[in-house]
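Okay, entry.cif is below, mmCIF, C-alpha atoms (C1' of nucleotides):
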data_final
loop_
_atom_site.label_atom_id
_atom_site.label_comp_id
_atom_site.auth_asym_id
_atom_site.auth_seq_id
_atom_site.Cartn_x
_atom_site.Cartn_y
_atom_site.Cartn_z
CA MET A 15 81.93 43.98 132.25
CA ILE A 16 80.14 44.63 135.54
CA ILE A 17 79.19 42.56 138.58
CA LEU A 18 75.91 42.85 140.47
CA ASP A 19 75.89 43.19 144.24
CA TYR A 20 73.04 41.15 145.65
CA ARG A 21 73.43 42.74 149.08
CA ASP A 22 72.59 46.05 147.42
CA LYS A 23 68.89 46.63 147.94
CA ARG A 24 68.52 49.03 145.05
CA PRO A 25 66.80 47.85 141.86
CA ILE A 26 69.05 46.06 139.39
CA TYR A 27 68.56 48.60 136.60
CA GLU A 28 69.79 51.33 138.97
CA GLN A 29 72.89 49.35 139.88
CA VAL A 30 73.64 48.79 136.21
CA VAL A 31 73.24 52.50 135.49
CA ASP A 32 75.59 53.42 138.33
CA LYS A 33 78.27 50.91 137.43
CA LEU A 34 78.27 51.77 133.73
CA GLU A 35 78.23 55.47 134.49
CA ARG A 36 81.32 55.06 136.63
CA LEU A 37 83.07 53.08 133.92
CA ILE A 38 82.36 55.84 131.41
CA VAL A 39 83.10 58.78 133.71
CA GLY A 40 86.24 57.08 134.98
CA GLY A 41 87.53 56.65 131.45
CA ALA A 42 87.41 52.85 131.32
CA LEU A 43 85.10 53.07 128.32
CA GLU A 44 86.17 55.45 125.58
CA ALA A 45 83.83 57.45 123.39
CA ASP A 46 82.17 55.48 120.57
CA THR A 47 82.92 52.16 122.22
CA LYS A 48 80.20 49.67 121.40
CA MET A 49 78.30 48.57 124.48
CA PRO A 50 77.18 44.96 124.93
CA SER A 51 73.79 44.37 123.35
CA VAL A 52 70.73 44.42 125.57
CA ARG A 53 70.31 40.68 125.19
CA SER A 54 73.94 39.71 125.69
CA LEU A 55 74.40 41.79 128.84
CA ALA A 56 71.15 40.34 130.14
CA VAL A 57 72.54 36.84 129.68
CA GLU A 58 75.88 37.80 131.22
CA LEU A 59 74.18 39.15 134.37
CA SER A 60 71.51 36.42 134.43
CA VAL A 61 68.84 39.06 134.24
CA ASN A 62 65.87 39.90 132.04
CA PRO A 63 66.56 41.90 128.85
CA ASN A 64 63.88 44.42 129.90
CA THR A 65 65.95 45.29 132.94
CA ILE A 66 69.03 46.08 130.83
CA GLN A 67 66.93 47.95 128.30
CA ARG A 68 65.64 50.17 131.09
CA ALA A 69 69.19 50.88 132.25
CA TYR A 70 70.33 51.73 128.73
CA VAL A 71 67.43 54.13 128.21
CA MET A 72 68.33 55.92 131.43
CA LEU A 73 72.00 56.13 130.44
CA GLU A 74 70.98 57.57 127.09
CA GLN A 75 68.80 60.19 128.79
CA MET A 76 71.74 61.07 131.03
CA GLY A 77 73.92 61.64 127.99
CA TYR A 78 76.27 58.68 128.44
CA LEU A 79 75.11 56.59 125.50
CA TYR A 80 73.77 57.09 122.01
CA THR A 81 71.79 54.56 120.05
CA ILE A 82 71.89 53.55 116.42
CA SER A 83 68.82 51.51 115.61
CA GLY A 84 69.69 48.03 114.52
CA ARG A 85 73.36 48.49 115.38
CA GLY A 86 73.57 48.98 119.11
CA ASN A 87 74.39 51.36 121.94
CA PHE A 88 77.63 53.33 121.98
CA VAL A 89 79.47 55.45 124.52
CA ALA A 90 78.78 59.15 123.97
CA PRO A 91 81.61 61.68 123.66
CA GLU A 92 82.78 63.38 126.86
CA SER A 93 81.39 66.73 125.73
CA GLU A 94 77.91 65.26 126.18
CA TRP A 95 78.23 64.72 129.91
CA ARG A 96 81.48 65.98 131.47
CA GLY A 97 80.29 69.46 132.33
CA SER A 98 76.99 68.49 133.90
CA LYS A 99 78.64 65.63 135.79
CA VAL A 100 81.16 67.99 137.37
CA GLN A 101 78.35 70.35 138.37
CA GLU A 102 76.33 67.47 139.82
CA MET A 103 79.29 66.26 141.87
CA LEU A 104 80.02 69.76 143.16
CA LYS A 105 76.44 70.10 144.34
CA GLU A 106 76.51 66.70 146.02
CA CYS A 107 79.81 67.54 147.69
CA HIS A 108 78.39 70.81 148.94
CA GLU A 109 75.46 69.05 150.58
CA MET A 110 77.72 66.37 152.00
CA LEU A 111 80.05 68.98 153.49
CA LEU A 112 77.11 70.79 155.07
CA ARG A 113 75.98 67.59 156.75
CA ALA A 114 79.52 66.76 157.81
CA LYS A 115 79.92 70.16 159.43
CA GLU A 116 76.56 69.77 161.12
CA ALA A 117 77.68 66.41 162.50
CA GLY A 118 80.73 67.95 164.10
CA VAL A 119 83.43 67.25 161.52
CA THR A 120 86.10 69.95 161.51
CA LYS A 121 87.49 71.75 158.49
CA GLU A 122 90.89 70.31 159.34
CA GLN A 123 89.57 66.75 159.21
CA LEU A 124 88.11 67.42 155.80
CA LEU A 125 91.34 68.96 154.54
CA VAL A 126 93.06 65.73 155.52
CA GLN A 127 90.51 63.72 153.54
CA LEU A 128 91.01 66.00 150.59
CA SER A 129 94.76 65.60 150.66
CA LYS A 130 94.46 61.85 150.94
CA VAL A 131 92.25 61.68 147.90
CA TYR A 132 94.40 63.98 145.81
CA GLU A 133 97.60 62.26 146.99
CA GLU A 134 99.61 65.29 147.87
CA ALA A 135 102.19 65.70 150.62
CA GLU A 136 101.03 67.74 153.59
CA HIS A 137 103.37 70.20 155.25
CA ASP A 138 102.05 72.32 158.14
CA MET B 264 58.04 68.44 163.88
CA ILE B 265 58.96 67.02 160.47
CA ILE B 266 57.45 67.11 157.00
CA LEU B 267 57.35 64.18 154.59
CA ASP B 268 58.50 64.60 151.01
CA TYR B 269 56.19 62.65 148.72
CA ARG B 270 58.55 63.07 145.77
CA ASP B 271 61.10 61.13 147.80
CA LYS B 272 60.89 57.52 146.64
CA ARG B 273 62.41 56.11 149.80
CA PRO B 274 60.17 54.35 152.33
CA ILE B 275 58.47 56.60 154.85
CA TYR B 276 60.16 55.04 157.87
CA GLU B 277 63.54 55.79 156.30
CA GLN B 278 62.62 59.41 155.69
CA VAL B 279 61.47 59.75 159.29
CA VAL B 280 64.72 58.26 160.55
CA ASP B 281 66.79 60.65 158.42
CA LYS B 282 64.86 63.77 159.39
CA LEU B 283 64.85 62.99 163.10
CA GLU B 284 68.54 62.04 162.99
CA ARG B 285 69.36 65.40 161.47
CA LEU B 286 67.32 67.23 164.09
CA ILE B 287 69.20 65.43 166.83
CA VAL B 288 72.66 65.66 165.28
CA GLY B 289 72.10 69.29 164.37
CA GLY B 290 71.23 70.11 167.96
CA ALA B 291 67.59 71.04 167.40
CA LEU B 292 66.58 68.36 169.88
CA GLU B 293 68.51 68.32 173.12
CA ALA B 294 69.34 65.23 175.12
CA ASP B 295 66.48 63.80 177.19
CA THR B 296 63.88 65.67 175.17
CA LYS B 297 60.68 63.65 175.00
CA MET B 298 59.83 62.59 171.48
CA PRO B 299 56.25 62.58 170.19
CA SER B 300 54.52 59.30 170.97
CA VAL B 301 54.31 56.68 168.25
CA ARG B 302 50.58 57.27 167.91
CA SER B 303 50.66 61.07 167.93
CA LEU B 304 53.42 61.36 165.35
CA ALA B 305 51.56 58.85 163.21
CA VAL B 306 48.47 61.07 163.32
CA GLU B 307 50.52 64.20 162.63
CA LEU B 308 52.07 62.67 159.53
CA SER B 309 48.87 60.86 158.46
CA VAL B 310 50.70 57.58 158.59
CA ASN B 311 50.30 54.22 160.27
CA PRO B 312 51.65 53.86 163.83
CA ASN B 313 53.62 50.79 162.74
CA THR B 314 55.62 52.95 160.35
CA ILE B 315 56.62 55.35 163.11
CA GLN B 316 57.35 52.50 165.46
CA ARG B 317 59.73 51.05 162.91
CA ALA B 318 61.52 54.40 162.60
CA TYR B 319 61.84 54.74 166.38
CA VAL B 320 63.27 51.25 166.72
CA MET B 321 65.89 52.09 164.10
CA LEU B 322 66.78 55.36 165.80
CA GLU B 323 67.16 53.51 169.09
CA GLN B 324 69.47 50.96 167.48
CA MET B 325 71.50 53.84 166.02
CA GLY B 326 71.90 55.31 169.50
CA TYR B 327 69.79 58.42 169.00
CA LEU B 328 66.88 57.48 171.26
CA TYR B 329 66.27 55.58 174.45
CA THR B 330 62.97 54.13 175.54
CA ILE B 331 61.26 54.02 178.89
CA SER B 332 58.42 51.52 178.73
CA GLY B 333 55.09 53.18 179.33
CA ARG B 334 56.61 56.66 179.31
CA GLY B 335 57.93 57.24 175.82
CA ASN B 336 60.99 57.75 173.66
CA PHE B 337 63.66 60.28 174.58
CA VAL B 338 66.66 61.81 172.85
CA ALA B 339 69.86 60.04 173.87
CA PRO B 340 72.87 61.98 175.18
CA GLU B 341 75.46 63.09 172.63
CA SER B 342 78.04 60.67 174.01
CA GLU B 343 75.92 57.83 172.62
CA TRP B 344 76.32 58.83 169.00
CA ARG B 345 78.62 61.81 168.36
CA GLY B 346 81.82 59.85 167.88
CA SER B 347 80.45 57.22 165.54
CA LYS B 348 78.55 59.86 163.58
CA VAL B 349 81.73 61.82 162.93
CA GLN B 350 83.49 58.66 161.78
CA GLU B 351 80.57 57.76 159.53
CA MET B 352 80.56 61.21 157.93
CA LEU B 353 84.32 61.14 157.37
CA LYS B 354 84.01 57.83 155.57
CA GLU B 355 81.15 59.10 153.43
CA CYS B 356 83.08 62.24 152.61
CA HIS B 357 86.09 60.19 151.59
CA GLU B 358 84.03 58.13 149.17
CA MET B 359 82.31 61.22 147.83
CA LEU B 360 85.64 62.96 147.24
CA LEU B 361 86.97 59.92 145.40
CA ARG B 362 84.00 59.98 143.06
CA ALA B 363 84.29 63.73 142.62
CA LYS B 364 87.93 63.43 141.65
CA GLU B 365 87.08 60.62 139.25
CA ALA B 366 84.43 62.81 137.64
CA GLY B 367 86.96 65.54 136.94
CA VAL B 368 86.42 67.87 139.88
CA THR B 369 89.65 69.67 140.82
CA LYS B 370 91.09 70.02 144.30
CA GLU B 371 90.72 73.78 143.95
CA GLN B 372 87.00 73.48 143.28
CA LEU B 373 86.60 71.39 146.39
CA LEU B 374 88.60 73.84 148.48
CA VAL B 375 86.14 76.52 147.37
CA GLN B 376 83.22 74.35 148.48
CA LEU B 377 84.93 73.72 151.79
CA SER B 378 85.46 77.43 152.39
CA LYS B 379 81.87 78.22 151.49
CA VAL B 380 80.57 75.69 153.96
CA TYR B 381 82.87 76.77 156.76
CA GLU B 382 82.24 80.46 156.02
CA GLU B 383 85.77 81.68 155.91
CA ALA B 384 87.23 84.42 153.73
CA GLU B 385 89.49 83.18 150.95
CA HIS B 386 92.65 85.00 150.06
CA ASP B 387 94.85 83.58 147.32
"C1'" DC C 145 67.55 36.31 103.52
"C1'" DA C 146 69.17 35.23 108.21
"C1'" DA C 147 71.03 36.81 112.33
"C1'" DG C 148 71.69 40.38 115.46
"C1'" DT C 149 70.30 44.87 116.96
"C1'" DG C 150 66.93 48.28 119.59
"C1'" DT C 151 62.20 48.86 120.95
"C1'" DA C 152 57.46 47.98 122.53
"C1'" DT C 153 53.67 45.52 124.71
"C1'" DT C 154 51.13 42.67 127.91
"C1'" DA C 155 50.75 39.59 131.62
"C1'" DA C 156 52.29 37.33 135.59
"C1'" DG C 157 55.15 36.68 139.75
"C1'" DA C 158 57.87 38.37 143.76
"C1'" DT C 159 59.22 41.43 147.17
"C1'" DG C 160 58.76 45.08 150.34
"C1'" DA C 161 56.20 49.08 152.26
"C1'" DT C 162 52.12 50.34 154.27
"C1'" DT C 163 47.80 49.95 156.35
"C1'" DA C 164 44.46 47.89 159.51
"C1'" DA C 165 42.81 45.84 163.58
"C1'" DT C 166 43.94 44.06 167.82
"C1'" DA C 167 46.12 42.84 172.10
"C1'" DC C 168 49.16 43.29 176.20
"C1'" DA C 169 52.28 45.35 179.75
"C1'" DC C 170 53.76 49.46 181.66
"C1'" DT C 171 53.38 54.41 183.77
"C1'" DT C 172 51.02 58.40 185.19
"C1'" DA C 173 47.49 61.14 187.13
"C1'" DA C 174 42.78 61.71 188.59
"C1'" DT D 221 41.83 51.76 191.81
"C1'" DT D 222 40.92 53.27 187.35
"C1'" DA D 223 41.35 55.53 182.98
"C1'" DA D 224 44.28 57.34 179.66
"C1'" DG D 225 48.55 57.37 177.46
"C1'" DT D 226 52.77 54.99 176.52
"C1'" DG D 227 55.75 51.20 173.92
"C1'" DT D 228 55.48 46.69 171.81
"C1'" DA D 229 53.87 42.65 169.19
"C1'" DT D 230 51.15 40.00 165.90
"C1'" DT D 231 48.53 38.85 161.87
"C1'" DA D 232 46.35 39.79 157.63
"C1'" DA D 233 45.34 42.50 153.71
"C1'" DT D 234 46.48 46.01 150.37
"C1'" DC D 235 49.46 48.41 147.32
"C1'" DA D 236 53.46 49.76 144.53
"C1'" DT D 237 57.43 48.50 142.24
"C1'" DC D 238 60.78 45.49 140.39
"C1'" DT D 239 61.44 41.66 137.68
"C1'" DT D 240 60.45 38.04 134.67
"C1'" DA D 241 58.31 35.99 130.62
"C1'" DA D 242 56.77 35.65 126.02
"C1'" DT D 243 56.15 37.94 122.01
"C1'" DA D 244 56.36 41.10 118.11
"C1'" DC D 245 58.28 44.55 114.85
"C1'" DA D 246 61.63 47.63 112.42
"C1'" DC D 247 66.25 48.23 111.50
"C1'" DT D 248 71.27 46.92 109.94
"C1'" DT D 249 74.77 43.85 108.51
"C1'" DG D 250 76.94 40.04 106.08
#
If you took the structure in this file and wrote it as structure tokens, what would it be?
Amino acid sequence: MIILDYRDKRPIYEQVVDKLERLIVGGALEADTKMPSVRSLAVELSVNPNTIQRAYVMLEQMGYLYTISGRGNFVAPESEWRGSKVQEMLKECHEMLLRAKEAGVTKEQLLVQLSKVYEEAEHD
Amino acid sequence: MIILDYRDKRPIYEQVVDKLERLIVGGALEADTKMPSVRSLAVELSVNPNTIQRAYVMLEQMGYLYTISGRGNFVAPESEWRGSKVQEMLKECHEMLLRAKEAGVTKEQLLVQLSKVYEEAEHD
DNA sequence: CAAGTGTATTAAGATGATTAATACACTTAA
DNA sequence: TTAAGTGTATTAATCATCTTAATACACTTG
């Protein structure tokens, strides 16, 4: 389901949170999909179950998962997280753009990036 | 000169690097400005000299400082870092925009952010 | 009831950041 | 020349955090 990057110096639970978040936000995991159990994902990643448990708790607090005791963790519906995620990304983008401007990046350069990402033809 | 954020979970030396980098990139510290000595900045931040030394070494490797043995650390000329910094920021922006798009942020929303940052009037 | 699930607890190990105490070579100014 | 200030290097100890390990318990399902 996910692959750990051992060059990444962040804690494992944080990597797991990030990767699963991206799978959910990106639509790879639909709402109400059953997640791997704490123990099975721990085995799959050759990691301690506590580490996965910690990641799952964080994802639940972030609104990406819901838990049914004794049954497992499931992907939460989009309405639980879509709005706040968009707001979070807008804020991060704002800060990034401020730093880019400060570093000497021009508005034109950023417009190019934007067009690249949104795959639209440019005509000046 | 800088203030540490104790809520920030990153190592101190990393915070120092970031803050000083932003001062230099943002133009608050001109080329050839003498930086505080390792020992004095350590006292100012109530931190061990080794921690500051580590930050200065990193900043030198990144091209932001140059050292004259026995005299101190000085801000490097813009030509040493401006180009690579712009490239670095463009790459970071590209990745950020990809994630924003994936999260459901529209191109229009990003254009608004861009205009805000570059302080230009919008007319649709 | 047995197996699988989430959850909680406690202890130990491992890694990295930070501090502490020195030491040495260099430059500057008295 | 000398004293003070500079960068640099080394070694050890401390501390925080991540991670593992070994359990235990309540719940759900077949």
List the residues sitting within 12 Å of (53.9, 43.3, 180.3) in the file's frame, using all atoms listed in the file, as a ChimeraX atom specification.
/B:332-333 /C:167-171 /D:227-229
How many Å separate atom CA of Gln29 of chain A from atom CA of Asp268 of chain B?
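Separation of atom CA of Gln29 of chain A and atom CA of Asp268 of chain B: 23.7 Å.
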Determine the residue set returned by the PyMOL selection byres ((chain D and resi 242) around 12) for the present structure, and present it as a list in words.
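Selected by the PyMOL selection byres ((chain D and resi 242) around 12) here: Asn62, Pro63 and Asn64 of chain A; DT153, DT154, DA155 and DA156 of chain C; DT240, DA241, DT243 and DA244 of chain D.
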Nearest to Trp344 of chain B, chosen from A:Pro50, A:Gly118, A:Pro25, A:Gly41, with all atoms listed in the file counted in the distances:
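For Trp344 of chain B, the nearest of the candidates is A:Gly118.
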Going by the chain IDs and residue numbers used in this file, which residues fall under the PyMOL selection byres ((chain A) within 9 of (chain C))? Write them as a list in words.
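On the file shown, the PyMOL selection byres ((chain A) within 9 of (chain C)) covers Ser51, Val52, Gln67, Thr81, Ile82, Ser83, Gly84, Arg85, Gly86 and Asn87 of chain A.
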Which residue gives the smallest distance to chain A among B:Val338, B:Ala291, B:Leu322, B:Ile275, with only C-alpha atoms counted?
B:Ala291
Once you count all atoms listed in the file, which residues end up no further than 10 Å from (80.3, 70.0, 156.4) in the file's frame, shown as an MDAnalysis selection string?
(chainID A and resid 107:121 124) or (chainID B and resid 352:353 356 376:381)
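The closest residue to chain D, picked from A:Val30, A:Val61, A:Ile38, A:Ala45 and counting only C-alpha atoms (C1' of nucleotides), is A:Val61.
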Could you expand the PyMOL selection byres ((chain D) within 12 of (chain A)) into the explicit residues it covers here, written as a list in words?
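Matching residues under the PyMOL selection byres ((chain D) within 12 of (chain A)) are DT237, DC238, DT239, DT240, DA241, DA242, DC245, DA246, DC247, DT248 and DT249 of chain D.
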Interatomic distance between atom CA of Ser303 of chain B and atom CA of Lys282 of chain B?
16.8 Å
Which one of B:Glu277, B:Glu307, B:Glu351, B:Asp271 sits closest to chain A if you count only C-alpha atoms?
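Checking each of B:Glu277, B:Glu307, B:Glu351, B:Asp271 against chain A, counting only C-alpha atoms, the winner is B:Glu351.
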Of the candidates B:Leu267, B:Val375, B:Val349, B:Leu304, which shows the shortest atom-to-atom distance to chain A, using all atoms listed in the file?
B:Val349
Ranking B:Glu284, B:Ile265, B:Lys297, B:Glu343 by minimum distance to DT226 of chain D and counting only C-alpha atoms (C1' of nucleotides), which one comes first?
B:Lys297
What is the atom CA of Pro340 of chain B to atom CA of Tyr319 of chain B distance in Å?
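For atom CA of Pro340 of chain B relative to atom CA of Tyr319 of chain B, the distance reads 15.9 Å.
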All file atoms of segment 354-364 of chain B boxed axis-aligned, 6 Å per side, centre plus edges, as lines of an AutoDock Vina configuration file:
center_x = 84.5
center_y = 60.8
center_z = 148.6
size_x = 18.8
size_y = 17.9
size_z = 25.9
Missing atoms in segment 360-371 of chain B: fill them in up to N, CA and C atoms and send the result as an mmCIF file, keeping the file's coordinate frame.
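Saved to part-v6.cif:
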data_model
loop_
_atom_site.group_PDB
_atom_site.id
_atom_site.type_symbol
_atom_site.label_atom_id
_atom_site.label_comp_id
_atom_site.auth_asym_id
_atom_site.auth_seq_id
_atom_site.Cartn_x
_atom_site.Cartn_y
_atom_site.Cartn_z
ATOM 1 N N LEU B 360 84.509 62.240 147.838
ATOM 2 C CA LEU B 360 85.640 62.960 147.240
ATOM 3 C C LEU B 360 86.313 62.109 146.167
ATOM 4 N N LEU B 361 86.405 60.799 146.405
ATOM 5 C CA LEU B 361 86.970 59.920 145.400
ATOM 6 C C LEU B 361 86.168 59.981 144.107
ATOM 7 N N ARG B 362 84.852 59.939 144.254
ATOM 8 C CA ARG B 362 84.000 59.980 143.060
ATOM 9 C C ARG B 362 84.071 61.332 142.382
ATOM 10 N N ALA B 363 84.188 62.385 143.191
ATOM 11 C CA ALA B 363 84.290 63.730 142.620
ATOM 12 C C ALA B 363 85.557 63.853 141.791
ATOM 13 N N LYS B 364 86.652 63.367 142.373
ATOM 14 C CA LYS B 364 87.930 63.430 141.650
ATOM 15 C C LYS B 364 87.830 62.656 140.339
ATOM 16 N N GLU B 365 87.236 61.467 140.429
ATOM 17 C CA GLU B 365 87.080 60.620 139.250
ATOM 18 C C GLU B 365 86.261 61.304 138.162
ATOM 19 N N ALA B 366 85.313 62.138 138.602
ATOM 20 C CA ALA B 366 84.430 62.810 137.640
ATOM 21 C C ALA B 366 85.090 64.038 137.024
ATOM 22 N N GLY B 367 86.261 64.406 137.527
ATOM 23 C CA GLY B 367 86.960 65.540 136.940
ATOM 24 C C GLY B 367 86.927 66.804 137.766
ATOM 25 N N VAL B 368 86.438 66.711 138.996
ATOM 26 C CA VAL B 368 86.420 67.870 139.880
ATOM 27 C C VAL B 368 87.841 68.107 140.400
ATOM 28 N N THR B 369 88.283 69.371 140.380
ATOM 29 C CA THR B 369 89.650 69.670 140.820
ATOM 30 C C THR B 369 89.704 69.895 142.324
ATOM 31 N N LYS B 370 90.899 69.771 142.867
ATOM 32 C CA LYS B 370 91.090 70.020 144.300
ATOM 33 C C LYS B 370 90.712 71.462 144.633
ATOM 34 N N GLU B 371 91.026 72.368 143.709
ATOM 35 C CA GLU B 371 90.720 73.780 143.950
ATOM 36 C C GLU B 371 89.213 73.999 144.074
#
